[in-house]
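Worksheet: one structure, shown below.
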Amino acid sequence: MKPRLDVEICGVSFKNPVIAASGTFGFGREYAEYVDLNMLGGIAVKGLTLLPKKGNPPPRIAETPSGILNSVGLQNPGIDYFIEHELPELLKYDTRIIVNINGNTIDEYCRMAEKLRDVPVHFLELNISCPNVKQGGVAFGTHPDVVYDITRSVKAHAKQPVLVKLTPNVTDIKEIAIAVEKAGGDGISLINTVLGMAIDAKKRRPVLANIVGGLSGPAIKPIALRMVWEVAQVVSIPIIGMGGITTGEDVVEFLLAGATAVGVGTANLISPTACIDIVNQLEEYMVQNGIGDVNELIGGLRV
Amino acid sequence: MKPRLDVEICGVSFKNPVIAASGTFGFGREYAEYVDLNMLGGIAVKGLTLLPKKGNPPPRIAETPSGILNSVGLQNPGIDYFIEHELPELLKYDTRIIVNINGNTIDEYCRMAEKLRDVPVHFLELNISCPNVKQGGVAFGTHPDVVYDITRSVKAHAKQPVLVKLTPNVTDIKEIAIAVEKAGGDGISLINTVLGMAIDAKKRRPVLANIVGGLSGPAIKPIALRMVWEVAQVVSIPIIGMGGITTGEDVVEFLLAGATAVGVGTANLISPTACIDIVNQLEEYMVQNGIGDVNELIGGLRV
Amino acid sequence: MITSHMYKMAFLSEGIALNANPGQFVHIKVPGDNSLLLRRPISICDVHPQTGMVEIVYQVVGKGTRILSGMNAGQVIDVLGPLGKGFTISREIKSAFVVGGGCGIAPLKLLMRRLKEMGVVVTALLGFRSREAVYGLEEFEMLSDRVLVTTDDGSLGRKGLVTQVLEEELQQLLPDIMFACGPTPMLKVVQRLAKEYSVPCQMSLEERMGCGIGGCLVCSCAVRTPDGGFEYKRVCKDGPVFWSQEVMLDEATIGC
Amino acid sequence: MITSHMYKMAFLSEGIALNANPGQFVHIKVPGDNSLLLRRPISICDVHPQTGMVEIVYQVVGKGTRILSGMNAGQVIDVLGPLGKGFTISREIKSAFVVGGGCGIAPLKLLMRRLKEMGVVVTALLGFRSREAVYGLEEFEMLSDRVLVTTDDGSLGRKGLVTQVLEEELQQLLPDIMFACGPTPMLKVVQRLAKEYSVPCQMSLEERMGCGIGGCLVCSCAVRTPDGGFEYKRVCKDGPVFWSQEVMLDEATIGC
Ligand SMILES: Cc1cc2nc3c(=O)[nH]c(=O)nc-3n(C[C@H](O)[C@H](O)[C@H](O)COP(=O)(O)OP(=O)(O)OC[C@H]3O[C@@H](n4cnc5c(N)ncnc54)[C@H](O)[C@@H]3O)c2cc1C
Ligand SMILES: Cc1cc2nc3c(=O)[nH]c(=O)nc-3n(C[C@H](O)[C@H](O)[C@H](O)COP(=O)(O)OP(=O)(O)OC[C@H]3O[C@@H](n4cnc5c(N)ncnc54)[C@H](O)[C@@H]3O)c2cc1C
Ligand SMILES: Cc1cc2nc3c(=O)[nH]c(=O)nc-3n(C[C@H](O)[C@H](O)[C@H](O)COP(=O)(O)O)c2cc1C
Ligand SMILES: Cc1cc2nc3c(=O)[nH]c(=O)nc-3n(C[C@H](O)[C@H](O)[C@H](O)COP(=O)(O)O)c2cc1C
Ligand code: FES
Ligand code: FES
C-alpha cells in the first residue's frame with residue numbers, strides 16, 4: 001500500500017510535506033528543467049521586497065564544513081514584477097505557493113500583503129530573519145514585541161494565512177514563537193540561516209564580500225531540530241521545519257520533533273532533483289517502517 | 001628561521017597560542033600517553049564544580065554532520081579533589097593551566113575562586129555557558145547584567161586573571177562581551193557549544209538521553225569565527241577563540257578574526273595528538289607565508 | 001563479508017597485535033568522509049603476533065561501518081589501540097562459560113584462545129538471530145571444549161535465546177567464571193543469572209564514544225558505589241569489561 | 001597530471017558531449033567527502049561526440065580539486081551539464097583573437113575547434129606563469145593559425161604578459177572579434193584594449209557558485225544597465241561568457 005504523504009497546514013492541503021525553501025529554488029523556473037514541479041508539496045519563492053533589490057556584491061557564497069554561507073542580500077525583481085511575470089509561470093503547476101516577503105519597515109510588509117490579497121497564492125511567509133540586509137531584516141526577528149507587532153499588523157492586511165519565518169540567532173526562540181502565536185500568526189517557519197563568517201587564511205580576507213553571511217546546510221541541522229522541538233512544546237500553530245535537510249530521514253526527524261512540513265534549502269544547490277529525491281526517500285522510509293500516514297510521525301518523538 | 005609562536009595574555013606568556021579546551025582533555029593525564037604536554041600553549045581542565053558531580057545519563061554523545069553533540073553535564077570530582085589529586089600531576093608539565101569553574105550560584109563561583117587563590121594555576125575560566133546543567137549554567141551567560149555581576153563578584157575573590165567563557169546561544173554576543181569587560185574581566189573565551197539536538201529516525205527517539213546537547217566541531221566554526229570577529233570589534237581585552245578548530249589554518253583564521261589564542265576541543269576526541277599537530281601546522285603555515293611572529297596575525301584580517 | 005551484515009577486516013599493526021588483551025578494542029577513523037568526525041570502537045577479534053595482523057569483525061549498521069566495508073586491500077587505515085580494560089583471567093580459573101550474542105561474539109575469539117592456552121575448560125554459548133547470521137563456528141569449536149548454539153528462529157542449533165540454554169547449563173554445573181558480550185537485554189539476563197547462581201561474571205559493554213582514551217567522559221556506564229548509590233565510569237578506559245555485579249544496565253545503555 | 005598543478009580528466013557523458021558549446025561548463029560533485037557540499041564548476045575543455053567523451057583540465061587549488069585529482073579510471077562521477085551560456089560565434093566572423101591566461105586556457109580548446117570548423121582565421125595568444133605551466137600547445141597549434149606564447153619568466157615564448165603581446169597585435173591588425181578567458185587582472189586589460197581598439201570581445205568569468213543552474217543568485221557579476229547603473233547577473237546562467245563592454249570587473253570578482 002502506498003503510504004499517505006499529504007499534510008494540512010491552516011486548512012490548505014499539501015500533497016507531501018516537502019517544500020522548496022525560499023531563496024534556494026528561484027521562482028521554480030530553473031528547476032522545472034530538472035524535476036516535475038507538480039510533485040512538490042510546495043514552493044517558497046525567492047524573498048521579495050516592495051521595490052527591486054540589487055543584493056550584495058560577490059563573492060556571495062562560501063563553503064564551510066558540511067555547510068555553506070550565503071550573503072545574497074535579497075536580490076529580487078520586486079513584488080510587482082513577481083506578480084506580473086513570474087507568478088503566472090508558477091501557477092501552471094499544481095503545488096502550493098508560499099510568497100516570502102521582506103520589508104525594511106512594518107508598513108512595507110503590510111503593503112506587500114495588500115498587493116497579494118487578490119493574487120492566487122496560498123501563503124505569505126514573513127521573513128523577519130534575513131541576516132543579509134542592513135535595515136530591518138534580522139533585527140525584526142529578535143524582539144518578541146516587534147515580532148508581535150509585525151505579525152499582528154500584517155495579519156490585518158493579509159488575505160492568505162501568514163507564516164512567520166524566524167531567525168535562530170536569538171537567546172530564546174520559544175518566546176519569539178509564542179509572540180507569533182499570540183499575534184494571530186498562522187504558522188511558523190524555522191530556521192532561517194545562522195549568522196556566520198568564513199576567512200581565507202591564505203589571502204587573510206573574509207571569503208564573502210559582505211564579511212558575514214548566513215550558515216545553512218547539514219551543519220545546522222542539530223540547531224534547527226532543537227529549535228523546532230523547543231517551539232513545538234510551546235505553540236500549537238503548525239511549524240514548517242528546516243535547516244540542513246538533505247534526505248528523507250532528515251524529514252522524518254523534523255516531523256518527529258514537531259514540524260508539520262519541512263523546507264529544503266541548501267540541498268537544492270547540491271542537486272536540482274533534491275526535493276523529489278527526498279520525497280521518494282521519505283516514502284521509502286515509511287514503507288520500510290510500516291507507517292501508513294505521514295501524519296503519524298508529526299510530533300511523534302518518544303522521549 | 002623558526003617563527004615566534006609565543007603570545008601573551010594578561011601578562012602571562014604562552015609558548016604557543018594553542019590551548020586544549022575544557023572538557024575535551026580531561027586533566028591532561030590521559031593525553032600524556034600520546035603527546036608531550038610541555039608542547040602545549042595551555043590546558044583548560046575539565047569543568048569543575050564545588051562538589052563532585054555525577055553528570056547526565058548516557059548516551060552523552062551524538063555525531064552530526066561535521067559536528068558532535070555532547071551532554072556530559074559537567075561530570076567531575078569536585079574542586080577539592082582536583083586541587084589535591086589531579087593538579088599535582090599537571091604541575092609537572094611546563095604549560096599554562098586554566099581552571100574551568102562552574103557554579104549554580106554566584107556564590108559558588110566565588111567560593112571556588114577563593115579555594116584557588118593559593119593554588120599555582122594561571123587562569124580561572126568562568127564557564128557561564130554550559131548548556132548541560134539545569135540550574136545556572138547557560139542562563140548565567142545570556143543576560144548582560146548577570147554576566148556583569150558574576151564577573152565582578154568573582155574578580156573580587158580571585159587572585160588569578162579571570163577569563164569568562166561565553167555561550168553562543170544569545171541574540172547579541174557583543175553586549176555580553178562588553179559586560180565582561182566593564183566588570184573587569186581579564187579575557188573572554190568563546191565559544192562554548194551551540195545548543196542542538198539529534199534524533200534517531202529509526203528508533204524515533206532523541207540520540208542523547210538528555211534530549212538536547214552542545215554542538216561542537218567544524219560545523220560551528222563559521223559561527224565561532226563570526227562571534228570572535230564581532231567581539232574583537234567591541235572589546236580590548238584578549239579573546240581565546242574556539243569552535244571547530246582542527247588544523248593550523250583554522251588557528252590562523254581565529255587569530256586574524258581577533259583572537260590572541262585559541263582553544264581546541266572536539267579535535268582532541270578525534271585524535272589524541274590533535275593539539276600538537278595543530279601547533280606544527282601553524283608553524284608550517286607561518287614559514288610558508290613568511291610570517292616571523294604569530295602576533296602579526298592577531299586581528300590582521302583585511303576587510 | 002562473512003554474513004549478510006557482518007564483515008571481517010584484517011590490518012597490520014604490530015603494536016596492537018603484540019599488546020592486545022581479549023576484550024580490548026580499537027578506535028577506527030572512518031576514511032574519506034570528513035563529515036563523520038568520530039572514530040568507531042570495534043573489539044579486537046583476534047591477533048597474530050607473529051605477522052602483526054589484527055582481525056576485527058563488525059556489523060554494518062550505519063554510515064561509518066558502511067564505508068569501512070567498502071575499503072579495499074592495501075588501503076591505509078587510522079586506528080588507535082589497543083584500548084580499554086579487557087577481560088581479567090586469573091590463574092585460579094579452571095572452567096568458564098563464555099556467552100555471546102550476535103555481533104557481541106567478536107571479542108570472544110581472542111578470549112577463548114587465551115583461555116585455551118591457560119588450560120581452562122570452556123563452554124561457549126552463542127546466540128544468533130538465525131542460521132544466516134552465524135559465523136566463525138569452526139574456529140569457536142577449535143578454541144573451546146563445547147559449543148552450544150541457539151538461534152531465535154531455530155534454523156541452527158536450539159531454538160530460543162542463548163540465556164535459556166545458559167540457565168539450563170548453570171543448573172547442571174557451575175563454572176568458576178562467566179564471560180559475556182552481547183546486546184543489553186542478553187547481558188541483563190546473564191547478570192541476573194550470575195547473581196542467582198553466584199558465579200562471578202565479567203561482561204563487555206558498549207556505549208557511544210568520543211576520544212576512546214578516557215578524556216572526554218561521554219562513554220559512561222553506571223557503576224554501583226559502596227554507599228548504595230552509583231557513579232558513572234568510562235566504558236572506554238575503566239571498561240569496556242566490568243564485573244557484572246557492579247554495573248547497572250538500565251534503559252539508557254544502548255545495545256549493539 | 002599534465003603540469004605540476006594541472007590535471008586532465010576525461011569522462012563519458014553522451015548528453016554533454018553532444019550538446020556542449022564552447023565556454024559552457026560542468027558542475028562536479030566532489031566524491032566521497034560529504035563535508036564538502038558544493039559542486040565545483042569546471043569548463044568543458046573538449047568533447048568527442050562520437051565516443052561521448054568529455055575532457056576537462058583543472059588546477060588543484062583546494063580540497064575539492066585535490067580529491068578529483070586522486071580519482072581512478074572507472075570511478076563514477078556526478079556531473080551536471082553542459083551549463084551556462086558559452087561563446088557566441090556568428091556566421092559573419094572571419095578572424096578572431098583568442099586570449100587565454102593560465103588555467104583560463106581550458107575552455108578555449110573547444111572554442112578554437114569550432115572556429116576552425118567555421119573557417120575563422122584564429123590567432124591564439126596564450127600566457128603562462130612559466131615553461132612548467134604550459135600545456136596543450138601542440139593541440140592549440142593544430143587548431144589555430146598562429147599561436148603566440150608568453151611566460152611571466154620568459155622560460156618559453158615571449159617574456160611578459162599576454163596582454164602586452166595582444167596590444168602589439170592589435171596595433172598591427174584588428175580581428176572581427178576577441179574571445180578571452182583567464183584571471184581577472186588579465187581580463188581587465190583585455191577589456192580596456194577591446195574598448196580602445198573597438199573590437200567586440202567576449203570574456204568568460206569565474207565566480208563562486210551554488211546551484212550552477214540559475215536558482216540561488218550567489219554567482220553574481222555586475223553588468224551595466226542602460227540607465228548608467230548596474231545590476232547583478234548570474235555567472236552560471238546568464239554567463240559565464242559576457243560581452244566585455246557590459247561587465248564590470250571590480251576587486252570583488254575572484255580570479256582563477
Ligand atoms: C567497546 C566497543 C566494542 C565494539 N565492538 C564491536 C564489534 O566488534 N563489532 C561490531 O560490529 N560492533 C562493535 N561495536 C559497535 C560499533 O562501535 C558500532 O556498531 C559502530 O560504531 C557503528 O558505527 P556506524 O558509523 O556504522 O553507525 P552510525 O549509527 O552511523 O554511528 C553514529 C555514531 O554512533 C556510534 N554508535 C552507533 N552504534 C554504536 C554502538 N552500538 N556502540 C557504540 N557506538 C555506537 C558510532 O560510533 C558513531 O559515533 C562496539 C562498540 C563498543 C563501544
Ligand atoms: C564557470 C567556471 C569555469 C571554471 N573552469 C575551470 C577550469 O576549466 N579549470 C580550472 O582549473 N578551474 C576552473 N574554474 C575554477 C574552479 O571552479 C575552482 O578552481 C574550483 O572550484 C576550486 O575548488 P577546490 O575545492 O579545489 O577549491 P576550494 O578553495 O577548497 O573551494 C572552496 C569553494 O570555493 C569555490 N571556488 C574556489 N575557487 C574558485 C574559483 N576560482 N571560481 C569559482 N569557485 C571557486 C569552490 O567551488 C568551492 O565551492 C572555473 C570556475 C568557474 C566559475
Ligand atoms: C542561497 C540562499 C538564499 C536564501 N534566501 C532566502 C530568502 O530570500 N528568504 C528566506 O526567508 N530565506 C532564505 N534563505 C534561507 C533558507 O530558506 C533556509 O531557511 C535556510 O537555508 C535553512 O535551510 P537549509 O539548511 O535547508 O538551507 C536562503 C538560503 C540560501 C542558502
Ligand atoms: C565532550 C565535551 C565536553 C566539554 N566540557 C566543557 C566543560 O566542562 N567546560 C567548558 O567550559 N566547556 C566544555 N566544552 C566546550 C569546549 O571547551 C569548547 O568550548 C567547545 O567544544 C567548542 O570548541 P570545539 O568545537 O573545538 O570543540 C566541552 C566540549 C565537549 C565536546
Ligand atoms: S570516549 Fe572519551 S572518555 Fe570514553
Ligand atoms: S550558482 Fe546559483 S544562480 Fe548561479
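By convention in this document, the chains of the C-alpha cells carry letters A, B, ... by their order, each chain's residues are numbered from 1, and ligands are numbered from 1 in the order they are shown.
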
Please check the contacts: residues of chain B at most 7 Å away from chain A, using only C-alpha atoms, listed as a PDB file with N, CA, C and O atoms, in the first residue's frame.
ATOM      1  N   PRO B  65      26.496  16.081  11.203  1.00  0.00           N
ATOM      2  CA  PRO B  65      27.374  16.398  10.069  1.00  0.00           C
ATOM      3  C   PRO B  65      28.485  17.380  10.442  1.00  0.00           C
ATOM      4  O   PRO B  65      28.202  18.509  10.822  1.00  0.00           O
ATOM      5  N   SER B  66      29.714  16.926  10.382  1.00  0.00           N
ATOM      6  CA  SER B  66      30.897  17.709  10.744  1.00  0.00           C
ATOM      7  C   SER B  66      30.847  18.255  12.168  1.00  0.00           C
ATOM      8  O   SER B  66      31.509  19.247  12.470  1.00  0.00           O
ATOM      9  N   THR B 142      23.422  34.514  29.429  1.00  0.00           N
ATOM     10  CA  THR B 142      22.563  35.116  28.415  1.00  0.00           C
ATOM     11  C   THR B 142      22.074  36.519  28.757  1.00  0.00           C
ATOM     12  O   THR B 142      21.454  37.159  27.923  1.00  0.00           O
ATOM     13  N   ASN B 169      24.698  30.966  22.412  1.00  0.00           N
ATOM     14  CA  ASN B 169      23.242  30.904  22.293  1.00  0.00           C
ATOM     15  C   ASN B 169      22.582  32.196  22.753  1.00  0.00           C
ATOM     16  O   ASN B 169      21.732  32.196  23.635  1.00  0.00           O
ATOM     17  N   VAL B 170      22.998  33.301  22.167  1.00  0.00           N
ATOM     18  CA  VAL B 170      22.452  34.599  22.542  1.00  0.00           C
ATOM     19  C   VAL B 170      22.186  35.421  21.288  1.00  0.00           C
ATOM     20  O   VAL B 170      22.761  35.178  20.232  1.00  0.00           O
ATOM     21  N   THR B 171      21.315  36.401  21.456  1.00  0.00           N
ATOM     22  CA  THR B 171      20.965  37.272  20.335  1.00  0.00           C
ATOM     23  C   THR B 171      22.133  38.176  19.974  1.00  0.00           C
ATOM     24  O   THR B 171      22.414  38.408  18.809  1.00  0.00           O
ATOM     25  N   LEU B 195      23.549  25.025  21.385  1.00  0.00           N
ATOM     26  CA  LEU B 195      22.523  24.073  21.793  1.00  0.00           C
ATOM     27  C   LEU B 195      21.928  23.382  20.566  1.00  0.00           C
ATOM     28  O   LEU B 195      21.513  24.043  19.609  1.00  0.00           O
ATOM     29  N   GLY B 196      21.909  22.054  20.614  1.00  0.00           N
ATOM     30  CA  GLY B 196      21.399  21.304  19.466  1.00  0.00           C
ATOM     31  C   GLY B 196      20.758  20.003  19.900  1.00  0.00           C
ATOM     32  O   GLY B 196      20.691  19.682  21.091  1.00  0.00           O
ATOM     33  N   MET B 197      20.316  19.235  18.903  1.00  0.00           N
ATOM     34  CA  MET B 197      19.564  18.016  19.196  1.00  0.00           C
ATOM     35  C   MET B 197      19.746  17.057  18.031  1.00  0.00           C
ATOM     36  O   MET B 197      19.832  17.469  16.877  1.00  0.00           O
ATOM     37  N   ALA B 198      19.802  15.775  18.349  1.00  0.00           N
ATOM     38  CA  ALA B 198      19.870  14.766  17.282  1.00  0.00           C
ATOM     39  C   ALA B 198      18.781  13.739  17.542  1.00  0.00           C
ATOM     40  O   ALA B 198      18.493  13.403  18.691  1.00  0.00           O
ATOM     41  N   ILE B 199      18.192  13.264  16.458  1.00  0.00           N
ATOM     42  CA  ILE B 199      17.094  12.310  16.567  1.00  0.00           C
ATOM     43  C   ILE B 199      17.444  11.061  15.765  1.00  0.00           C
ATOM     44  O   ILE B 199      17.985  11.149  14.665  1.00  0.00           O
ATOM     45  N   ALA B 201      16.044   8.475  13.615  1.00  0.00           N
ATOM     46  CA  ALA B 201      14.784   8.308  12.859  1.00  0.00           C
ATOM     47  C   ALA B 201      14.267   6.876  12.968  1.00  0.00           C
ATOM     48  O   ALA B 201      13.057   6.651  12.938  1.00  0.00           O
ATOM     49  N   ARG B 204      12.997   6.508  16.543  1.00  0.00           N
ATOM     50  CA  ARG B 204      12.095   7.638  16.839  1.00  0.00           C
ATOM     51  C   ARG B 204      12.328   8.207  18.236  1.00  0.00           C
ATOM     52  O   ARG B 204      11.402   8.536  18.968  1.00  0.00           O
ATOM     53  N   ARG B 205      13.573   8.275  18.606  1.00  0.00           N
ATOM     54  CA  ARG B 205      13.983   8.804  19.908  1.00  0.00           C
ATOM     55  C   ARG B 205      15.107   9.816  19.711  1.00  0.00           C
ATOM     56  O   ARG B 205      15.845   9.745  18.747  1.00  0.00           O
ATOM     57  N   PRO B 206      15.263  10.699  20.703  1.00  0.00           N
ATOM     58  CA  PRO B 206      16.477  11.528  20.695  1.00  0.00           C
ATOM     59  C   PRO B 206      17.692  10.606  20.852  1.00  0.00           C
ATOM     60  O   PRO B 206      17.587   9.573  21.520  1.00  0.00           O
ATOM     61  N   VAL B 212      18.657  17.209  24.523  1.00  0.00           N
ATOM     62  CA  VAL B 212      19.470  18.207  23.835  1.00  0.00           C
ATOM     63  C   VAL B 212      20.915  18.154  24.340  1.00  0.00           C
ATOM     64  O   VAL B 212      21.195  17.588  25.391  1.00  0.00           O
ATOM     65  N   PRO B 218      33.854  21.206  13.631  1.00  0.00           N
ATOM     66  CA  PRO B 218      33.941  22.066  12.443  1.00  0.00           C
ATOM     67  C   PRO B 218      32.615  22.689  12.002  1.00  0.00           C
ATOM     68  O   PRO B 218      32.601  23.800  11.474  1.00  0.00           O
ATOM     69  N   ALA B 219      31.507  22.009  12.257  1.00  0.00           N
ATOM     70  CA  ALA B 219      30.207  22.554  11.857  1.00  0.00           C
ATOM     71  C   ALA B 219      29.981  23.955  12.398  1.00  0.00           C
ATOM     72  O   ALA B 219      29.353  24.789  11.752  1.00  0.00           O
ATOM     73  N   PRO B 222      32.098  28.473  11.507  1.00  0.00           N
ATOM     74  CA  PRO B 222      31.675  29.784  10.982  1.00  0.00           C
ATOM     75  C   PRO B 222      30.983  30.642  12.031  1.00  0.00           C
ATOM     76  O   PRO B 222      31.128  31.872  12.031  1.00  0.00           O
ATOM     77  N   ILE B 223      30.246  30.017  12.931  1.00  0.00           N
ATOM     78  CA  ILE B 223      29.552  30.762  13.981  1.00  0.00           C
ATOM     79  C   ILE B 223      30.576  31.330  14.955  1.00  0.00           C
ATOM     80  O   ILE B 223      30.525  32.499  15.346  1.00  0.00           O
ATOM     81  N   LEU B 225      33.806  31.918  14.438  1.00  0.00           N
ATOM     82  CA  LEU B 225      34.613  32.958  13.802  1.00  0.00           C
ATOM     83  C   LEU B 225      33.859  34.279  13.773  1.00  0.00           C
ATOM     84  O   LEU B 225      34.421  35.345  14.044  1.00  0.00           O
ATOM     85  N   ARG B 226      32.587  34.195  13.439  1.00  0.00           N
ATOM     86  CA  ARG B 226      31.785  35.416  13.382  1.00  0.00           C
ATOM     87  C   ARG B 226      31.729  36.075  14.754  1.00  0.00           C
ATOM     88  O   ARG B 226      31.872  37.288  14.882  1.00  0.00           O
ATOM     89  N   GLU B 249      45.550  26.046   9.888  1.00  0.00           N
ATOM     90  CA  GLU B 249      44.892  27.145   9.159  1.00  0.00           C
ATOM     91  C   GLU B 249      43.679  27.663   9.918  1.00  0.00           C
ATOM     92  O   GLU B 249      43.367  28.850   9.863  1.00  0.00           O
ATOM     93  N   VAL B 252      44.903  30.139  12.314  1.00  0.00           N
ATOM     94  CA  VAL B 252      45.192  31.403  11.638  1.00  0.00           C
ATOM     95  C   VAL B 252      43.911  32.212  11.453  1.00  0.00           C
ATOM     96  O   VAL B 252      43.871  33.419  11.715  1.00  0.00           O
ATOM     97  N   GLU B 253      42.836  31.532  11.047  1.00  0.00           N
ATOM     98  CA  GLU B 253      41.569  32.234  10.834  1.00  0.00           C
ATOM     99  C   GLU B 253      41.086  32.910  12.117  1.00  0.00           C
ATOM    100  O   GLU B 253      40.636  34.055  12.094  1.00  0.00           O
ATOM    101  N   LEU B 301      42.931  40.597   9.958  1.00  0.00           N
ATOM    102  CA  LEU B 301      42.043  40.389   8.818  1.00  0.00           C
ATOM    103  C   LEU B 301      41.970  41.649   7.955  1.00  0.00           C
ATOM    104  O   LEU B 301      41.809  42.742   8.476  1.00  0.00           O
ATOM    105  N   ARG B 302      42.086  41.460   6.633  1.00  0.00           N
ATOM    106  CA  ARG B 302      41.982  42.604   5.716  1.00  0.00           C
ATOM    107  C   ARG B 302      40.543  42.709   5.240  1.00  0.00           C
ATOM    108  O   ARG B 302      40.071  41.854   4.508  1.00  0.00           O
ATOM    109  N   VAL B 303      39.879  43.764   5.647  1.00  0.00           N
ATOM    110  CA  VAL B 303      38.472  43.882   5.220  1.00  0.00           C
ATOM    111  C   VAL B 303      38.262  45.142   4.386  1.00  0.00           C
ATOM    112  O   VAL B 303      39.048  46.063   4.433  1.00  0.00           O
TER     113      VAL B 303
END

Which residues of chain B sit at most 8 Å from ligand 4, using only C-alpha atoms and all ligand atoms? Give each one's shortest atom pair and distance in Å (one decimal place), in chain and ascending residue order, as a tab-separated table.
residue	atom	partner	partner_atom_place_in_ligand_line	distance
B:Ala20	CA	ligand 4	17 (O)	8.0
B:Ala21	CA	ligand 4	17 (O)	4.2
B:Ser22	CA	ligand 4	17 (O)	4.0
B:Gly23	CA	ligand 4	5 (N)	3.3
B:Thr24	CA	ligand 4	2 (C)	5.0
B:Ala44	CA	ligand 4	17 (O)	7.9
B:Val45	CA	ligand 4	8 (O)	7.6
B:Lys46	CA	ligand 4	8 (O)	4.7
B:Gly47	CA	ligand 4	8 (O)	3.4
B:Leu48	CA	ligand 4	8 (O)	7.0
B:Ile61	CA	ligand 4	1 (C)	7.6
B:Gly67	CA	ligand 4	25 (O)	7.8
B:Ile68	CA	ligand 4	31 (C)	7.0
B:Leu69	CA	ligand 4	31 (C)	7.1
B:Asn70	CA	ligand 4	1 (C)	5.4
B:Ser71	CA	ligand 4	1 (C)	7.4
B:Val72	CA	ligand 4	3 (C)	6.3
B:Gly73	CA	ligand 4	8 (O)	7.8
B:Leu74	CA	ligand 4	8 (O)	5.3
B:Gln75	CA	ligand 4	8 (O)	7.9
B:Asn100	CA	ligand 4	11 (O)	6.0
B:Ile101	CA	ligand 4	9 (N)	7.6
B:Asn102	CA	ligand 4	9 (N)	7.8
B:Glu125	CA	ligand 4	11 (O)	7.5
B:Leu126	CA	ligand 4	11 (O)	7.5
B:Asn127	CA	ligand 4	11 (O)	4.8
B:Ile128	CA	ligand 4	11 (O)	7.8
B:Ser129	CA	ligand 4	11 (O)	6.9
B:Cys130	CA	ligand 4	10 (C)	6.2
B:Lys165	CA	ligand 4	11 (O)	6.4
B:Ser189	CA	ligand 4	19 (O)	7.9
B:Leu190	CA	ligand 4	19 (O)	6.6
B:Ile191	CA	ligand 4	19 (O)	5.3
B:Asn192	CA	ligand 4	19 (O)	3.6
B:Thr193	CA	ligand 4	20 (C)	4.8
B:Gly214	CA	ligand 4	29 (C)	7.3
B:Leu215	CA	ligand 4	21 (O)	7.2
B:Ser216	CA	ligand 4	25 (O)	3.9
B:Gly217	CA	ligand 4	25 (O)	3.6
B:Pro218	CA	ligand 4	25 (O)	6.2
B:Ala219	CA	ligand 4	25 (O)	7.9
B:Ile220	CA	ligand 4	25 (O)	6.6
B:Lys221	CA	ligand 4	25 (O)	6.9
B:Met242	CA	ligand 4	23 (O)	5.0
B:Gly243	CA	ligand 4	25 (O)	3.5
B:Gly244	CA	ligand 4	25 (O)	3.5
B:Ile245	CA	ligand 4	26 (O)	5.1
B:Thr246	CA	ligand 4	26 (O)	7.3
B:Gly263	CA	ligand 4	26 (O)	6.3
B:Val264	CA	ligand 4	26 (O)	4.3
B:Gly265	CA	ligand 4	26 (O)	3.4
B:Thr266	CA	ligand 4	27 (O)	3.6
B:Ala267	CA	ligand 4	26 (O)	6.0
B:Leu269	CA	ligand 4	31 (C)	7.8

(request) Could you give me the residues within range 43-244 of chain C that DSSP places in alpha helix (DSSP H), as a VMD selection string? (result) chain C and resid 63 to 69 108 to 117 137 to 143 162 to 172 184 to 196

(request) List all protein, DNA and RNA residues that have at least one atom no more than 7 Å from any atom of ligand 1, counting only C-alpha atoms and all ligand atoms, and write them as an MDAnalysis selection string. (result) (chainID B and resid 62:63) or (chainID C and resid 25 38:45 56:66 103:104 106:107 205:209 236 240 254:256)

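Close contacts of Pro22 in chain D, defined as residues with an atom at most 6 Å away when counting only C-alpha atoms, with chain neighbours fewer than 4 positions off set aside, comprise Gly86, Phe87, Leu110 and Leu111 of chain D.
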
Export of the given selection (all heavy atoms) as a PDB file, in the first residue's frame:
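Listed below is the output, again26.pdb:
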ATOM      1  N   GLY D  86      27.636  29.796 -23.397  1.00  0.00           N
ATOM      2  CA  GLY D  86      29.008  29.784 -23.871  1.00  0.00           C
ATOM      3  C   GLY D  86      29.297  30.965 -24.798  1.00  0.00           C
ATOM      4  O   GLY D  86      28.569  31.956 -24.804  1.00  0.00           O
ATOM      5  N   PHE D  87      30.374  30.823 -25.558  1.00  0.00           N
ATOM      6  CA  PHE D  87      30.737  31.865 -26.516  1.00  0.00           C
ATOM      7  C   PHE D  87      29.738  31.859 -27.676  1.00  0.00           C
ATOM      8  O   PHE D  87      29.265  30.808 -28.102  1.00  0.00           O
ATOM      9  CB  PHE D  87      32.143  31.605 -27.071  1.00  0.00           C
ATOM     10  CG  PHE D  87      33.225  31.746 -26.030  1.00  0.00           C
ATOM     11  CD1 PHE D  87      33.812  30.621 -25.457  1.00  0.00           C
ATOM     12  CD2 PHE D  87      33.667  33.000 -25.627  1.00  0.00           C
ATOM     13  CE1 PHE D  87      34.808  30.740 -24.498  1.00  0.00           C
ATOM     14  CE2 PHE D  87      34.673  33.129 -24.672  1.00  0.00           C
ATOM     15  CZ  PHE D  87      35.245  31.997 -24.109  1.00  0.00           C
ATOM     16  N   LEU D 110      37.880  23.873 -27.167  1.00  0.00           N
ATOM     17  CA  LEU D 110      36.655  23.581 -27.914  1.00  0.00           C
ATOM     18  C   LEU D 110      36.251  24.797 -28.754  1.00  0.00           C
ATOM     19  O   LEU D 110      35.776  24.649 -29.886  1.00  0.00           O
ATOM     20  CB  LEU D 110      35.530  23.196 -26.942  1.00  0.00           C
ATOM     21  CG  LEU D 110      34.210  22.772 -27.577  1.00  0.00           C
ATOM     22  CD1 LEU D 110      34.369  21.573 -28.499  1.00  0.00           C
ATOM     23  CD2 LEU D 110      33.176  22.441 -26.481  1.00  0.00           C
ATOM     24  N   LEU D 111      36.481  25.984 -28.210  1.00  0.00           N
ATOM     25  CA  LEU D 111      36.178  27.206 -28.966  1.00  0.00           C
ATOM     26  C   LEU D 111      36.967  27.237 -30.271  1.00  0.00           C
ATOM     27  O   LEU D 111      36.423  27.486 -31.354  1.00  0.00           O
ATOM     28  CB  LEU D 111      36.515  28.430 -28.113  1.00  0.00           C
ATOM     29  CG  LEU D 111      36.446  29.790 -28.824  1.00  0.00           C
ATOM     30  CD1 LEU D 111      34.998  30.130 -29.194  1.00  0.00           C
ATOM     31  CD2 LEU D 111      37.055  30.907 -27.966  1.00  0.00           C
TER      32      LEU D 111
END

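Shortest atom-to-atom contact with chain B among C:Leu12, C:Leu174, C:Ile28, C:Met6: C:Ile28, counting only C-alpha atoms.
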
(request) Write out as a PyMOL selection string each polymer residue whose atoms come within 8 Å of Gln191 in chain D, counting only C-alpha atoms; drop sequence neighbours fewer than 5 positions from it. (result) chain D and resi 201+244-245
